[in-house]
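Data from structure_17.cif: mmCIF, C-alpha atoms, pLDDT in the B column; chains and numbers go by the auth columns
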```
data_entry
#
loop_
_atom_site.group_PDB
_atom_site.id
_atom_site.type_symbol
_atom_site.label_atom_id
_atom_site.label_comp_id
_atom_site.label_asym_id
_atom_site.label_seq_id
_atom_site.Cartn_x
_atom_site.Cartn_y
_atom_site.Cartn_z
_atom_site.B_iso_or_equiv
_atom_site.auth_seq_id
_atom_site.auth_asym_id
ATOM 1 C CA GLU A 1 -8.099 -11.404 -1.251 84.00 1 A
ATOM 2 C CA ALA A 2 -5.663 -8.712 -2.424 83.00 2 A
ATOM 3 C CA GLN A 3 -6.852 -5.375 -1.164 94.00 3 A
ATOM 4 C CA VAL A 4 -6.144 -1.910 0.167 97.00 4 A
ATOM 5 C CA THR A 5 -8.108 -1.205 3.339 97.00 5 A
ATOM 6 C CA GLN A 6 -8.863 2.279 4.597 97.00 6 A
ATOM 7 C CA ASN A 7 -10.395 3.200 7.935 97.00 7 A
ATOM 8 C CA PRO A 8 -12.618 4.886 8.755 97.00 8 A
ATOM 9 C CA ARG A 9 -14.843 5.011 5.654 97.00 9 A
ATOM 10 C CA TYR A 10 -16.687 8.070 6.923 97.00 10 A
ATOM 11 C CA LEU A 11 -15.761 10.618 9.564 96.00 11 A
ATOM 12 C CA ILE A 12 -17.333 13.865 10.708 96.00 12 A
ATOM 13 C CA THR A 13 -15.173 15.841 13.100 95.00 13 A
ATOM 14 C CA VAL A 14 -14.425 19.369 14.225 96.00 14 A
ATOM 15 C CA THR A 15 -11.703 21.845 13.381 96.00 15 A
ATOM 16 C CA GLY A 16 -8.449 21.284 15.248 95.00 16 A
ATOM 17 C CA LYS A 17 -9.109 17.767 16.499 96.00 17 A
ATOM 18 C CA LYS A 18 -6.239 15.549 15.384 97.00 18 A
ATOM 19 C CA LEU A 19 -7.213 12.536 13.325 97.00 19 A
ATOM 20 C CA THR A 20 -5.578 9.622 11.566 98.00 20 A
ATOM 21 C CA VAL A 21 -6.837 7.746 8.533 98.00 21 A
ATOM 22 C CA THR A 22 -5.277 4.317 8.312 98.00 22 A
ATOM 23 C CA CYS A 23 -4.312 2.512 5.130 98.00 23 A
ATOM 24 C CA SER A 24 -3.151 -1.067 4.941 98.00 24 A
ATOM 25 C CA GLN A 25 -2.339 -3.287 1.958 97.00 25 A
ATOM 26 C CA ASN A 26 -1.780 -7.050 1.890 95.00 26 A
ATOM 27 C CA MET A 27 0.022 -7.278 -1.459 94.00 27 A
ATOM 28 C CA ASN A 28 3.564 -6.571 -0.249 94.00 28 A
ATOM 29 C CA HIS A 29 3.644 -3.448 -2.423 94.00 29 A
ATOM 30 C CA GLU A 30 6.570 -1.075 -2.156 92.00 30 A
ATOM 31 C CA TYR A 31 4.750 2.044 -3.371 92.00 31 A
ATOM 32 C CA MET A 32 1.899 3.670 -1.461 94.00 32 A
ATOM 33 C CA SER A 33 0.216 6.988 -1.966 94.00 33 A
ATOM 34 C CA TRP A 34 -2.549 9.238 -0.657 97.00 34 A
ATOM 35 C CA TYR A 35 -4.907 11.292 -2.835 96.00 35 A
ATOM 36 C CA ARG A 36 -7.732 13.653 -2.183 97.00 36 A
ATOM 37 C CA GLN A 37 -10.609 14.006 -4.606 96.00 37 A
ATOM 38 C CA ASP A 38 -12.629 17.191 -4.905 94.00 38 A
ATOM 39 C CA PRO A 39 -15.318 18.009 -7.516 90.00 39 A
ATOM 40 C CA GLY A 40 -13.809 19.413 -10.693 86.00 40 A
ATOM 41 C CA LEU A 41 -10.242 18.928 -9.490 89.00 41 A
ATOM 42 C CA GLY A 42 -9.775 15.214 -10.019 90.00 42 A
ATOM 43 C CA LEU A 43 -7.387 13.235 -7.849 92.00 43 A
ATOM 44 C CA ARG A 44 -4.580 15.212 -6.281 93.00 44 A
ATOM 45 C CA GLN A 45 -1.638 13.472 -4.705 92.00 45 A
ATOM 46 C CA ILE A 46 -0.893 14.391 -1.087 95.00 46 A
ATOM 47 C CA TYR A 47 2.107 12.214 -0.202 95.00 47 A
ATOM 48 C CA TYR A 48 3.682 9.075 -1.558 92.00 48 A
ATOM 49 C CA SER A 49 6.137 6.500 -0.325 93.00 49 A
ATOM 50 C CA MET A 50 8.503 4.421 -2.428 89.00 50 A
ATOM 51 C CA ASN A 51 9.318 2.073 0.459 90.00 51 A
ATOM 52 C CA VAL A 52 9.646 1.813 4.232 94.00 52 A
ATOM 53 C CA GLU A 53 10.959 5.059 5.777 94.00 53 A
ATOM 54 C CA VAL A 54 10.927 6.759 2.348 91.00 54 A
ATOM 55 C CA THR A 55 8.219 9.379 1.870 93.00 55 A
ATOM 56 C CA ASP A 56 7.896 12.450 -0.316 91.00 56 A
ATOM 57 C CA LYS A 57 5.479 15.261 -0.948 92.00 57 A
ATOM 58 C CA GLY A 58 2.895 15.137 -3.672 89.00 58 A
ATOM 59 C CA ASP A 59 1.125 18.172 -5.061 88.00 59 A
ATOM 60 C CA VAL A 60 -0.954 19.155 -2.019 94.00 60 A
ATOM 61 C CA PRO A 61 0.953 18.136 1.156 96.00 61 A
ATOM 62 C CA GLU A 62 0.134 21.175 3.313 97.00 62 A
ATOM 63 C CA GLY A 63 -1.696 20.266 6.510 97.00 63 A
ATOM 64 C CA TYR A 64 -0.953 16.541 6.244 98.00 64 A
ATOM 65 C CA LYS A 65 1.647 14.173 7.620 98.00 65 A
ATOM 66 C CA VAL A 66 2.446 10.562 6.784 98.00 66 A
ATOM 67 C CA SER A 67 4.726 7.844 8.040 96.00 67 A
ATOM 68 C CA ARG A 68 5.861 4.504 6.626 97.00 68 A
ATOM 69 C CA LYS A 69 7.258 2.431 9.452 97.00 69 A
ATOM 70 C CA GLU A 70 6.047 -0.869 8.020 96.00 70 A
ATOM 71 C CA LYS A 71 5.647 -1.906 4.422 96.00 71 A
ATOM 72 C CA ARG A 72 1.941 -2.656 4.686 97.00 72 A
ATOM 73 C CA ASN A 73 0.789 0.529 6.477 98.00 73 A
ATOM 74 C CA PHE A 74 0.729 4.148 5.377 98.00 74 A
ATOM 75 C CA PRO A 75 -1.372 6.286 7.727 98.00 75 A
ATOM 76 C CA LEU A 76 -2.442 9.831 6.861 98.00 76 A
ATOM 77 C CA ILE A 77 -2.370 12.237 9.793 98.00 77 A
ATOM 78 C CA LEU A 78 -4.195 15.540 10.036 97.00 78 A
ATOM 79 C CA GLU A 79 -2.652 17.269 13.068 95.00 79 A
ATOM 80 C CA SER A 80 -5.063 20.208 13.100 96.00 80 A
ATOM 81 C CA PRO A 81 -7.824 19.622 10.564 97.00 81 A
ATOM 82 C CA SER A 82 -9.550 22.572 8.944 97.00 82 A
ATOM 83 C CA PRO A 83 -12.753 22.781 6.866 97.00 83 A
ATOM 84 C CA ASN A 84 -10.797 23.044 3.603 96.00 84 A
ATOM 85 C CA GLN A 85 -9.609 19.497 4.218 98.00 85 A
ATOM 86 C CA THR A 86 -13.152 18.215 3.853 97.00 86 A
ATOM 87 C CA SER A 87 -12.803 15.805 0.970 97.00 87 A
ATOM 88 C CA LEU A 88 -12.846 12.220 -0.274 97.00 88 A
ATOM 89 C CA TYR A 89 -9.507 10.537 0.390 98.00 89 A
ATOM 90 C CA PHE A 90 -8.056 7.526 -1.377 98.00 90 A
ATOM 91 C CA CYS A 91 -5.071 5.429 -0.498 97.00 91 A
ATOM 92 C CA ALA A 92 -3.392 3.438 -3.263 95.00 92 A
ATOM 93 C CA SER A 93 -0.541 0.979 -3.569 95.00 93 A
ATOM 94 C CA SER A 94 1.460 -0.581 -6.346 92.00 94 A
ATOM 95 C CA VAL A 95 4.446 -2.758 -7.001 88.00 95 A
ATOM 96 C CA SER A 96 7.768 -1.017 -7.471 75.00 96 A
ATOM 97 C CA ASP A 97 7.792 2.750 -8.009 68.00 97 A
ATOM 98 C CA GLY A 98 4.201 3.423 -8.950 62.00 98 A
ATOM 99 C CA VAL A 99 5.063 4.489 -12.478 69.00 99 A
ATOM 100 C CA TYR A 100 5.166 1.244 -14.437 76.00 100 A
ATOM 101 C CA GLN A 101 2.565 -0.630 -12.447 83.00 101 A
ATOM 102 C CA PRO A 102 -1.168 -0.145 -11.879 88.00 102 A
ATOM 103 C CA GLN A 103 -2.258 1.521 -8.675 90.00 103 A
ATOM 104 C CA HIS A 104 -4.723 -0.376 -6.501 94.00 104 A
ATOM 105 C CA PHE A 105 -7.067 1.967 -4.690 96.00 105 A
ATOM 106 C CA GLY A 106 -8.814 1.581 -1.377 97.00 106 A
ATOM 107 C CA ASP A 107 -12.562 2.246 -1.114 96.00 107 A
ATOM 108 C CA GLY A 108 -12.067 5.800 0.068 97.00 108 A
ATOM 109 C CA THR A 109 -12.611 7.800 3.245 98.00 109 A
ATOM 110 C CA ARG A 110 -15.124 10.626 3.231 97.00 110 A
ATOM 111 C CA LEU A 111 -13.962 13.250 5.688 97.00 111 A
ATOM 112 C CA SER A 112 -16.065 16.204 6.866 97.00 112 A
ATOM 113 C CA ILE A 113 -14.412 18.856 9.023 97.00 113 A
ATOM 114 C CA LEU A 114 -16.884 21.248 10.664 96.00 114 A
ATOM 115 C CA GLN B 1 1.292 20.760 -13.516 74.00 1 B
ATOM 116 C CA GLN B 2 -1.976 18.858 -13.829 85.00 2 B
ATOM 117 C CA PRO B 3 -2.648 17.214 -17.227 90.00 3 B
ATOM 118 C CA VAL B 4 -5.613 18.683 -19.077 93.00 4 B
ATOM 119 C CA GLN B 5 -8.354 16.320 -20.180 95.00 5 B
ATOM 120 C CA SER B 6 -10.871 16.996 -22.910 96.00 6 B
ATOM 121 C CA PRO B 7 -13.747 16.919 -23.220 96.00 7 B
ATOM 122 C CA GLN B 8 -14.906 17.491 -19.648 95.00 8 B
ATOM 123 C CA ALA B 9 -18.064 15.491 -20.260 96.00 9 B
ATOM 124 C CA VAL B 10 -19.580 13.430 -23.031 96.00 10 B
ATOM 125 C CA ILE B 11 -22.934 11.727 -23.513 97.00 11 B
ATOM 126 C CA LEU B 12 -23.215 8.791 -25.891 95.00 12 B
ATOM 127 C CA ARG B 13 -25.746 6.294 -27.064 96.00 13 B
ATOM 128 C CA GLU B 14 -24.887 2.619 -26.747 96.00 14 B
ATOM 129 C CA GLY B 15 -22.734 1.533 -29.660 95.00 15 B
ATOM 130 C CA GLU B 16 -21.213 4.951 -30.324 96.00 16 B
ATOM 131 C CA ASP B 17 -17.498 5.699 -30.093 96.00 17 B
ATOM 132 C CA ALA B 18 -15.706 8.239 -27.921 96.00 18 B
ATOM 133 C CA VAL B 19 -12.230 9.696 -27.598 97.00 19 B
ATOM 134 C CA ILE B 20 -10.850 11.258 -24.431 97.00 20 B
ATOM 135 C CA ASN B 21 -7.672 13.291 -24.664 96.00 21 B
ATOM 136 C CA CYS B 22 -5.031 13.995 -22.039 95.00 22 B
ATOM 137 C CA SER B 23 -2.398 16.690 -22.629 93.00 23 B
ATOM 138 C CA SER B 24 0.542 17.756 -20.535 88.00 24 B
ATOM 139 C CA SER B 25 2.737 20.850 -20.604 84.00 25 B
ATOM 140 C CA LYS B 26 5.617 18.731 -19.258 79.00 26 B
ATOM 141 C CA ALA B 27 7.474 15.853 -20.841 75.00 27 B
ATOM 142 C CA LEU B 28 5.765 12.566 -20.086 75.00 28 B
ATOM 143 C CA TYR B 29 7.403 9.374 -18.947 78.00 29 B
ATOM 144 C CA SER B 30 4.252 7.317 -18.539 84.00 30 B
ATOM 145 C CA VAL B 31 0.499 7.736 -18.759 90.00 31 B
ATOM 146 C CA HIS B 32 -2.045 5.862 -16.648 91.00 32 B
ATOM 147 C CA TRP B 33 -5.765 5.571 -17.394 94.00 33 B
ATOM 148 C CA TYR B 34 -8.394 4.794 -14.727 95.00 34 B
ATOM 149 C CA ARG B 35 -12.176 4.642 -14.654 96.00 35 B
ATOM 150 C CA GLN B 36 -14.204 5.557 -11.589 96.00 36 B
ATOM 151 C CA LYS B 37 -17.866 4.746 -11.178 95.00 37 B
ATOM 152 C CA HIS B 38 -19.940 6.924 -8.910 91.00 38 B
ATOM 153 C CA GLY B 39 -19.234 6.226 -5.246 88.00 39 B
ATOM 154 C CA GLU B 40 -16.471 3.746 -6.002 93.00 40 B
ATOM 155 C CA ALA B 41 -12.691 3.714 -6.140 94.00 41 B
ATOM 156 C CA PRO B 42 -10.835 4.322 -9.401 95.00 42 B
ATOM 157 C CA VAL B 43 -10.067 1.139 -11.304 94.00 43 B
ATOM 158 C CA PHE B 44 -6.996 0.652 -13.451 92.00 44 B
ATOM 159 C CA LEU B 45 -7.447 0.432 -17.230 93.00 45 B
ATOM 160 C CA MET B 46 -3.964 0.619 -18.710 89.00 46 B
ATOM 161 C CA ILE B 47 -0.494 2.162 -18.548 88.00 47 B
ATOM 162 C CA LEU B 48 1.471 3.418 -21.529 88.00 48 B
ATOM 163 C CA LEU B 49 5.183 4.146 -21.375 81.00 49 B
ATOM 164 C CA LYS B 50 7.132 6.575 -23.505 75.00 50 B
ATOM 165 C CA GLY B 51 7.906 5.174 -26.912 67.00 51 B
ATOM 166 C CA GLY B 52 4.688 6.044 -28.708 59.00 52 B
ATOM 167 C CA GLU B 53 2.996 2.789 -27.882 64.00 53 B
ATOM 168 C CA GLN B 54 -0.605 1.869 -28.212 64.00 54 B
ATOM 169 C CA LYS B 55 -2.390 -0.560 -25.954 67.00 55 B
ATOM 170 C CA GLY B 56 -5.856 -1.935 -25.629 68.00 56 B
ATOM 171 C CA HIS B 57 -8.111 -4.547 -24.253 69.00 57 B
ATOM 172 C CA ASP B 58 -11.608 -5.382 -25.321 73.00 58 B
ATOM 173 C CA LYS B 59 -13.006 -2.277 -27.016 86.00 59 B
ATOM 174 C CA ILE B 60 -10.957 0.227 -25.012 91.00 60 B
ATOM 175 C CA SER B 61 -7.570 1.271 -26.315 91.00 61 B
ATOM 176 C CA ALA B 62 -5.139 4.133 -25.864 92.00 62 B
ATOM 177 C CA SER B 63 -2.242 5.800 -27.573 89.00 63 B
ATOM 178 C CA PHE B 64 0.668 7.812 -26.232 88.00 64 B
ATOM 179 C CA ASN B 65 2.411 10.438 -28.331 84.00 65 B
ATOM 180 C CA GLU B 66 5.523 11.391 -26.426 80.00 66 B
ATOM 181 C CA LYS B 67 6.468 14.230 -28.790 81.00 67 B
ATOM 182 C CA LYS B 68 3.091 15.883 -28.505 80.00 68 B
ATOM 183 C CA GLN B 69 3.015 15.146 -24.759 86.00 69 B
ATOM 184 C CA GLN B 70 -0.437 13.688 -25.015 89.00 70 B
ATOM 185 C CA SER B 71 -2.404 10.498 -24.737 92.00 71 B
ATOM 186 C CA SER B 72 -5.822 9.539 -26.061 94.00 72 B
ATOM 187 C CA LEU B 73 -8.273 6.916 -24.801 95.00 73 B
ATOM 188 C CA TYR B 74 -10.537 5.325 -27.399 94.00 74 B
ATOM 189 C CA LEU B 75 -13.818 3.681 -26.436 95.00 75 B
ATOM 190 C CA THR B 76 -15.331 1.739 -29.297 93.00 76 B
ATOM 191 C CA ALA B 77 -18.942 0.590 -29.539 93.00 77 B
ATOM 192 C CA SER B 78 -19.641 1.885 -26.048 93.00 78 B
ATOM 193 C CA GLN B 79 -21.652 -0.137 -23.572 93.00 79 B
ATOM 194 C CA LEU B 80 -23.722 1.019 -20.599 95.00 80 B
ATOM 195 C CA SER B 81 -20.973 -0.328 -18.322 94.00 81 B
ATOM 196 C CA TYR B 82 -18.534 2.238 -19.767 95.00 82 B
ATOM 197 C CA SER B 83 -20.281 5.044 -17.910 96.00 83 B
ATOM 198 C CA GLY B 84 -18.151 6.733 -15.297 96.00 84 B
ATOM 199 C CA THR B 85 -15.405 9.275 -14.897 96.00 85 B
ATOM 200 C CA TYR B 86 -12.134 8.639 -16.699 97.00 86 B
ATOM 201 C CA PHE B 87 -8.854 9.950 -15.342 96.00 87 B
ATOM 202 C CA CYS B 88 -5.469 10.098 -16.939 94.00 88 B
ATOM 203 C CA GLY B 89 -2.419 10.241 -14.706 91.00 89 B
ATOM 204 C CA SER B 90 1.030 11.274 -15.788 85.00 90 B
ATOM 205 C CA ASP B 91 4.490 10.984 -14.362 78.00 91 B
ATOM 206 C CA GLY B 92 6.934 13.597 -15.510 58.00 92 B
ATOM 207 C CA VAL B 93 10.494 13.033 -16.544 53.00 93 B
ATOM 208 C CA HIS B 94 12.899 14.095 -13.817 51.00 94 B
ATOM 209 C CA GLY B 95 16.597 13.787 -14.301 47.00 95 B
ATOM 210 C CA SER B 96 17.440 10.323 -15.497 48.00 96 B
ATOM 211 C CA GLY B 97 14.279 8.667 -14.316 54.00 97 B
ATOM 212 C CA ASN B 98 10.736 9.146 -13.164 56.00 98 B
ATOM 213 C CA THR B 99 9.653 11.363 -10.302 62.00 99 B
ATOM 214 C CA GLY B 100 7.542 8.830 -8.441 67.00 100 B
ATOM 215 C CA LYS B 101 4.791 11.440 -8.434 77.00 101 B
ATOM 216 C CA LEU B 102 1.614 10.654 -10.287 82.00 102 B
ATOM 217 C CA ILE B 103 -0.458 13.659 -11.293 87.00 103 B
ATOM 218 C CA PHE B 104 -4.024 13.107 -12.451 91.00 104 B
ATOM 219 C CA GLY B 105 -6.134 15.158 -14.792 92.00 105 B
ATOM 220 C CA GLN B 106 -9.435 16.633 -13.665 93.00 106 B
ATOM 221 C CA GLY B 107 -11.438 13.787 -15.177 95.00 107 B
ATOM 222 C CA THR B 108 -13.862 13.266 -18.066 96.00 108 B
ATOM 223 C CA THR B 109 -17.393 12.170 -17.248 96.00 109 B
ATOM 224 C CA LEU B 110 -18.813 9.701 -19.737 97.00 110 B
ATOM 225 C CA GLN B 111 -22.478 8.803 -19.764 97.00 111 B
ATOM 226 C CA VAL B 112 -23.722 6.041 -22.052 96.00 112 B
ATOM 227 C CA LYS B 113 -27.457 5.961 -22.629 96.00 113 B
ATOM 228 C CA PRO B 114 -29.522 3.041 -23.970 94.00 114 B
#
```
Take the structure I supplied and represent it as structure tokens, if you would.
Amino acid sequence: EAQVTQNPRYLITVTGKKLTVTCSQNMNHEYMSWYRQDPGLGLRQIYYSMNVEVTDKGDVPEGYKVSRKEKRNFPLILESPSPNQTSLYFCASSVSDGVYQPQHFGDGTRLSIL
Amino acid sequence: QQPVQSPQAVILREGEDAVINCSSSKALYSVHWYRQKHGEAPVFLMILLKGGEQKGHDKISASFNEKKQQSSLYLTASQLSYSGTYFCGSDGVHGSGNTGKLIFGQGTTLQVKP
């Protein structure tokens, strides 16, 4: 089954403790992206990647890191999480450059930073 | 710059029609529409590319007016299953091509009542 898989689905952690949210897709998609969703603000793009070893900042990249060493994986790294990063996070992937093609979203990761 | 969606929320009775608008202060290259049900991931509805096209499937259609930098989503004879939050996403024109960035509006909550 074609899917985007995020792990973990839920995480409660403390300020400053490094964490990684994994994202994996099995559709051989070139484009992958991370979003955070907060009430009233919609989906805001954190980082995106057009292909392996090619990443770029979205609208809200501060406090986050990403890497794209393999086509299927696009982990989101919070080196020193803070409470303002408490949010619902979605990973998405699409064929090509993400503009002409639909984005397929993972089920989301709800992150709480205390 | 985040696209602006209007209205922010709408309540309908089954069978009524609705229009959701998405406006951008920047030139648009493409517009995406997604629907998100509570607690779930956004699901793709359609993509419109510059050229003033109109697309649709079933009783949901959309238009894209490149000159006015806006898109509208039309829901005809609404059903209970149409309830959810609708997001438009836009990719701005950058140089000779797209930016690769997808910026979403803040969302429009649609509730369809029996």
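Compared by their closest atoms to Asn51 in chain A, and using all atoms listed in the file, the residues A:Thr15, A:Asn84, A:Ser96, A:Thr20 rank with A:Ser96 nearest.
Using all atoms listed in the file, the shortest contact distance between chain B and any of A:Pro39, A:Pro83, A:Gly63, A:Pro75 is found at A:Pro39.
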Residues within 10 Å of (-24.6, 6.1, -23.3), file coords, all atoms listed in the file, listed as a PDB file with C-alpha atoms, in the coordinates of the input:
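Result file is selection.pdb:
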```pdb
ATOM      1  CA  VAL B  10     -19.580  13.430 -23.031  1.00 96.00           C
ATOM      2  CA  ILE B  11     -22.934  11.727 -23.513  1.00 97.00           C
ATOM      3  CA  LEU B  12     -23.215   8.791 -25.891  1.00 95.00           C
ATOM      4  CA  ARG B  13     -25.746   6.294 -27.064  1.00 96.00           C
ATOM      5  CA  GLU B  14     -24.887   2.619 -26.747  1.00 96.00           C
ATOM      6  CA  GLY B  15     -22.734   1.533 -29.660  1.00 95.00           C
ATOM      7  CA  GLU B  16     -21.213   4.951 -30.324  1.00 96.00           C
ATOM      8  CA  ASP B  17     -17.498   5.699 -30.093  1.00 96.00           C
ATOM      9  CA  SER B  78     -19.641   1.885 -26.048  1.00 93.00           C
ATOM     10  CA  GLN B  79     -21.652  -0.137 -23.572  1.00 93.00           C
ATOM     11  CA  LEU B  80     -23.722   1.019 -20.599  1.00 95.00           C
ATOM     12  CA  SER B  81     -20.973  -0.328 -18.322  1.00 94.00           C
ATOM     13  CA  TYR B  82     -18.534   2.238 -19.767  1.00 95.00           C
ATOM     14  CA  SER B  83     -20.281   5.044 -17.910  1.00 96.00           C
ATOM     15  CA  LEU B 110     -18.813   9.701 -19.737  1.00 97.00           C
ATOM     16  CA  GLN B 111     -22.478   8.803 -19.764  1.00 97.00           C
ATOM     17  CA  VAL B 112     -23.722   6.041 -22.052  1.00 96.00           C
ATOM     18  CA  LYS B 113     -27.457   5.961 -22.629  1.00 96.00           C
ATOM     19  CA  PRO B 114     -29.522   3.041 -23.970  1.00 94.00           C
TER      20      PRO B 114
END
```
Counting all atoms listed in the file, which residues of chain B fall within 12 Å of chain A, and what is the closest atom pair for each with its distance in Å at one decimal, ordered by chain and rising number, as a tab-separated table?
```
residue	atom	partner	partner_atom	distance
B:Gln1	CA	A:Asp59	CA	8.8
B:Gln2	CA	A:Arg44	CA	8.8
B:Pro3	CA	A:Gly42	CA	10.3
B:Val4	CA	A:Gly42	CA	10.6
B:Gln5	CA	A:Gly42	CA	10.3
B:Gln8	CA	A:Gly40	CA	9.2
B:Ala9	CA	A:Gly40	CA	11.2
B:Leu28	CA	A:Val99	CA	11.1
B:Tyr29	CA	A:Val99	CA	8.4
B:Ser30	CA	A:Val99	CA	6.7
B:Val31	CA	A:Val99	CA	8.4
B:His32	CA	A:Pro102	CA	7.7
B:Trp33	CA	A:Pro102	CA	9.2
B:Tyr34	CA	A:Pro102	CA	9.2
B:Arg35	CA	A:Phe105	CA	11.5
B:Gln36	CA	A:Phe105	CA	10.6
B:Lys37	CA	A:Asp107	CA	11.6
B:His38	CA	A:Asp107	CA	11.7
B:Gly39	CA	A:Asp107	CA	8.8
B:Glu40	CA	A:Asp107	CA	6.4
B:Ala41	CA	A:Asp107	CA	5.2
B:Pro42	CA	A:Phe105	CA	6.5
B:Val43	CA	A:Phe105	CA	7.3
B:Phe44	CA	A:Pro102	CA	6.1
B:Leu45	CA	A:Pro102	CA	8.3
B:Met46	CA	A:Pro102	CA	7.4
B:Ile47	CA	A:Tyr100	CA	7.1
B:Leu48	CA	A:Tyr100	CA	8.3
B:Leu49	CA	A:Tyr100	CA	7.5
B:Lys50	CA	A:Tyr100	CA	10.7
B:Thr85	CA	A:Gly42	CA	9.5
B:Tyr86	CA	A:Gly42	CA	9.7
B:Phe87	CA	A:Gly42	CA	7.5
B:Cys88	CA	A:Gly42	CA	9.6
B:Gly89	CA	A:Leu43	CA	9.0
B:Ser90	CA	A:Val99	CA	8.6
B:Asp91	CA	A:Val99	CA	6.8
B:Gly92	CA	A:Val99	CA	9.8
B:Val93	CA	A:Val99	CA	10.9
B:Gly97	CA	A:Val99	CA	10.3
B:Asn98	CA	A:Val99	CA	7.4
B:Thr99	CA	A:Val99	CA	8.5
B:Gly100	CA	A:Asp97	CA	6.1
B:Lys101	CA	A:Gly58	CA	6.3
B:Leu102	CA	A:Gln45	CA	7.0
B:Ile103	CA	A:Arg44	CA	6.7
B:Phe104	CA	A:Leu43	CA	5.7
B:Gly105	CA	A:Gly42	CA	6.0
B:Gln106	CA	A:Gly42	CA	3.9
B:Gly107	CA	A:Gly42	CA	5.6
B:Thr108	CA	A:Gly42	CA	9.2
B:Thr109	CA	A:Gly40	CA	10.4
```
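CA of Gly16 in chain A to CA of Pro81 in chain A spans 5.0 Å [interatomic distance, one decimal].
Closest approach to Asn7 in chain A from the set A:Ser67, A:Thr22, A:Ser93, A:Ser112 is made by A:Thr22, with distances taken over all atoms listed in the file.
The nearest approach to Gln6 in chain A among the residues A:Asn73, A:Thr86, A:Ser80, A:Thr55, with all atoms listed in the file taken into account, belongs to A:Asn73.
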Just how far from CA of Val54 in chain A is CA of Ala27 in chain B, in Å to one decimal? 25.1 Å
Give me the residues within 10 Å of Tyr74 in chain B as a PyMOL selection string, counting all atoms listed in the file and dropping any in the same chain fewer than 6 places off. chain B and resi 17-21+56+59-63
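A straight line drawn from CA of Val60 in chain A to CA of Ser25 in chain B is 19.0 Å long.
If only C-alpha atoms are the atoms counted, then among A:Leu114, A:Leu11, A:Val52, A:Cys23 the closest residue to Glu70 in chain A is A:Val52.
Take the candidates A:Ile113, A:Leu76, A:Glu53, A:Val95 and check each one against Val21 in chain A using all atoms listed in the file; the shortest distance goes to A:Leu76.
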So for range 67-79 of chain B, what box centre and size do we get, axis-aligned, 4 Å extra on each of the six sides, every listed atom, Å to one decimal, as JSON?
```
{"center_x": -7.6, "center_y": 7.9, "center_z": -26.6, "size_x": 36.1, "size_y": 24.0, "size_z": 14.0}
```
Given the PyMOL selection byres ((chain A and resi 72) around 8), the residues it picks as a PDB file with C-alpha atoms, in the coordinates of the input:
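Final output, selection_4.pdb:
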```
ATOM      1  CA  SER A  24      -3.151  -1.067   4.941  1.00 98.00           C
ATOM      2  CA  GLN A  25      -2.339  -3.287   1.958  1.00 97.00           C
ATOM      3  CA  ASN A  26      -1.780  -7.050   1.890  1.00 95.00           C
ATOM      4  CA  MET A  27       0.022  -7.278  -1.459  1.00 94.00           C
ATOM      5  CA  ASN A  28       3.564  -6.571  -0.249  1.00 94.00           C
ATOM      6  CA  HIS A  29       3.644  -3.448  -2.423  1.00 94.00           C
ATOM      7  CA  GLU A  70       6.047  -0.869   8.020  1.00 96.00           C
ATOM      8  CA  LYS A  71       5.647  -1.906   4.422  1.00 96.00           C
ATOM      9  CA  ASN A  73       0.789   0.529   6.477  1.00 98.00           C
ATOM     10  CA  PHE A  74       0.729   4.148   5.377  1.00 98.00           C
TER      11      PHE A  74
END
```
